[in-house]
Amino acid sequence: QVQLEESGGGLVQPGGSLRLSCVASGNIGIIRTMAWYRQTPGSQRDLVAAITRGGSTDYADWVEGRFTISRDNAKIYLQMSNLNPGDTAVYYCNAANWDYTIEYWGDGLPVTVSS
């Protein structure tokens with residue numbers, strides 16, 4: 001089992017920045033990829049950014065350079081800048097093994113971008 005603990009969500013004004021953190025514990029040896037997803041009510045959970053154990057990254061097209069994912073062993077960060085109301089969502093941390101046959105999810109962090 002892997003446990004994921006997220007932190008850093010909250011309220012931010014348009015144009016502002018926020019950093020999300022997620023730390024994995026437990027059987028972390030099986031984790032190859034860690035990622036952030038986000039979800040709004042009535043919508044599917046979409047990938048925001050992912051990073052492998054080797055440091056390779058993948059971003060959703062709409063990120064457009066505003067977000068940066070980084071990793072320090074079993075901890076990942078999502079630095080979000082130039083936030084807009086469209087970024088309002090619940091952000092989830094995800095950890096997966098090499099072929100995604102095993103996945104774990106955090107409880108989710110509400111992020112609200114509003115003036």
# chains A, B, ... in the order shown; residues from 1 in each chain; ligands from 1

call {"tool": "select_by_dssp", "arguments": {"residues": "range 29-98 of chain A", "states": "helix (DSSP H, G or I)", "output": "NGL selection string"}}
result
:A and (29-30 or 61-63 or 85-87)

call {"tool": "residues_around", "arguments": {"residues": "Ile51 in chain A", "least_positions_apart": "3", "cutoff": "7 Å", "atoms": "only C-alpha atoms", "output": "number ranges by chain"}}
result
A: 33-35, 55-58, 69

call {"tool": "closest_residue", "arguments": {"among": "A:Leu83, A:Ile102, A:Val90, A:Ile76", "to": "Ala50 in chain A", "atoms": "only C-alpha atoms"}}
result
A:Ile76

call {"tool": "residues_around", "arguments": {"residues": "Asp72 in chain A", "least_positions_apart": "6", "cutoff": "12 Å", "atoms": "only C-alpha atoms", "output": "list of chain:residue names"}}
result
A:Ser21, A:Cys22, A:Val23, A:Ala24, A:Met34, A:Ile51, A:Thr52, A:Arg53, A:Gly54, A:Gly55, A:Leu78

call {"tool": "write_last_selection", "arguments": {"atoms": "N, CA, C and O atoms", "output": "PDB file, in the first residue's frame"}}
result
ATOM      1  N   SER A  21       1.897  20.297  -2.661  1.00  0.00           N
ATOM      2  CA  SER A  21       2.867  19.266  -2.299  1.00  0.00           C
ATOM      3  C   SER A  21       2.150  17.947  -2.065  1.00  0.00           C
ATOM      4  O   SER A  21       0.995  17.924  -1.621  1.00  0.00           O
ATOM      5  N   CYS A  22       2.864  16.868  -2.346  1.00  0.00           N
ATOM      6  CA  CYS A  22       2.320  15.538  -2.097  1.00  0.00           C
ATOM      7  C   CYS A  22       3.477  14.636  -1.690  1.00  0.00           C
ATOM      8  O   CYS A  22       4.484  14.559  -2.389  1.00  0.00           O
ATOM      9  N   VAL A  23       3.320  13.959  -0.569  1.00  0.00           N
ATOM     10  CA  VAL A  23       4.362  13.043  -0.110  1.00  0.00           C
ATOM     11  C   VAL A  23       3.783  11.637  -0.047  1.00  0.00           C
ATOM     12  O   VAL A  23       2.677  11.439   0.461  1.00  0.00           O
ATOM     13  N   ALA A  24       4.526  10.701  -0.602  1.00  0.00           N
ATOM     14  CA  ALA A  24       4.120   9.299  -0.596  1.00  0.00           C
ATOM     15  C   ALA A  24       4.833   8.560   0.522  1.00  0.00           C
ATOM     16  O   ALA A  24       6.000   8.810   0.804  1.00  0.00           O
ATOM     17  N   MET A  34       4.567   9.793 -10.597  1.00  0.00           N
ATOM     18  CA  MET A  34       3.674  10.561  -9.728  1.00  0.00           C
ATOM     19  C   MET A  34       3.118  11.720 -10.533  1.00  0.00           C
ATOM     20  O   MET A  34       3.792  12.249 -11.437  1.00  0.00           O
ATOM     21  N   ILE A  51       5.385  13.202 -13.526  1.00  0.00           N
ATOM     22  CA  ILE A  51       6.840  13.110 -13.505  1.00  0.00           C
ATOM     23  C   ILE A  51       7.234  11.698 -13.124  1.00  0.00           C
ATOM     24  O   ILE A  51       6.660  11.097 -12.212  1.00  0.00           O
ATOM     25  N   THR A  52       8.194  11.150 -13.860  1.00  0.00           N
ATOM     26  CA  THR A  52       8.638   9.794 -13.597  1.00  0.00           C
ATOM     27  C   THR A  52       9.765   9.787 -12.572  1.00  0.00           C
ATOM     28  O   THR A  52      10.325  10.823 -12.211  1.00  0.00           O
ATOM     29  N   ARG A  53      10.131   8.576 -12.159  1.00  0.00           N
ATOM     30  CA  ARG A  53      11.239   8.446 -11.220  1.00  0.00           C
ATOM     31  C   ARG A  53      12.518   9.011 -11.809  1.00  0.00           C
ATOM     32  O   ARG A  53      13.352   9.565 -11.093  1.00  0.00           O
ATOM     33  N   GLY A  54      12.647   8.909 -13.126  1.00  0.00           N
ATOM     34  CA  GLY A  54      13.843   9.417 -13.786  1.00  0.00           C
ATOM     35  C   GLY A  54      13.802  10.903 -14.064  1.00  0.00           C
ATOM     36  O   GLY A  54      14.783  11.470 -14.570  1.00  0.00           O
ATOM     37  N   GLY A  55      12.685  11.544 -13.780  1.00  0.00           N
ATOM     38  CA  GLY A  55      12.597  12.985 -13.952  1.00  0.00           C
ATOM     39  C   GLY A  55      11.930  13.446 -15.239  1.00  0.00           C
ATOM     40  O   GLY A  55      11.829  14.655 -15.478  1.00  0.00           O
ATOM     41  N   LEU A  78       3.801  20.882  -7.222  1.00  0.00           N
ATOM     42  CA  LEU A  78       3.256  21.525  -8.408  1.00  0.00           C
ATOM     43  C   LEU A  78       3.251  23.017  -8.146  1.00  0.00           C
ATOM     44  O   LEU A  78       2.465  23.511  -7.324  1.00  0.00           O
TER      45      LEU A  78
END

call {"tool": "closest_residue", "arguments": {"among": "A:Ile31, A:Leu4, A:Val48, A:Val113", "to": "Gln79 in chain A", "atoms": "only C-alpha atoms"}}
result
A:Val48

call {"tool": "residues_around", "arguments": {"residues": "Gly29 in chain A", "least_positions_apart": "2", "cutoff": "12 Å", "atoms": "only C-alpha atoms", "output": "PyMOL selection string"}}
result
chain A and resi 1-2+24-27+31-33+53+73-74+95-98

call {"tool": "select_by_dssp", "arguments": {"residues": "chain A", "states": "strand (DSSP E)", "output": "NGL selection string"}}
result
:A and (2-7 or 10-12 or 18-26 or 33-39 or 46-52 or 57-59 or 67-72 or 75-80 or 89-96 or 103-105 or 109-113)

call {"tool": "closest_residue", "arguments": {"among": "A:Ser115, A:Ser81, A:Leu20, A:Leu109", "to": "Phe67 in chain A", "atoms": "only C-alpha atoms"}}
result
A:Ser81

call {"tool": "residues_around", "arguments": {"residues": "Thr88 in chain A", "least_positions_apart": "3", "cutoff": "7 Å", "atoms": "only C-alpha atoms", "output": "ChimeraX atom specification"}}
result
/A:85,111-113

call {"tool": "closest_residue", "arguments": {"among": "A:Tyr37, A:Trp105, A:Tyr100, A:Tyr92", "to": "Ser7 in chain A", "atoms": "only C-alpha atoms"}}
result
A:Tyr92

call {"tool": "closest_residue", "arguments": {"among": "A:Asp99, A:Ser17, A:Asp61, A:Gly106", "to": "Trp36 in chain A", "atoms": "only C-alpha atoms"}}
result
A:Gly106

call {"tool": "atom_distance", "arguments": {"atom1": "CA of Arg71 in chain A", "atom2": "CA of Asp46 in chain A"}}
result
19.8 Å

call {"tool": "atom_distance", "arguments": {"atom1": "CA of Thr101 in chain A", "atom2": "CA of Gly8 in chain A"}}
result
28.2 Å

call {"tool": "closest_residue", "arguments": {"among": "A:Gly16, A:Thr40, A:Leu47, A:Asn94", "to": "Pro110 in chain A", "atoms": "only C-alpha atoms"}}
result
A:Thr40
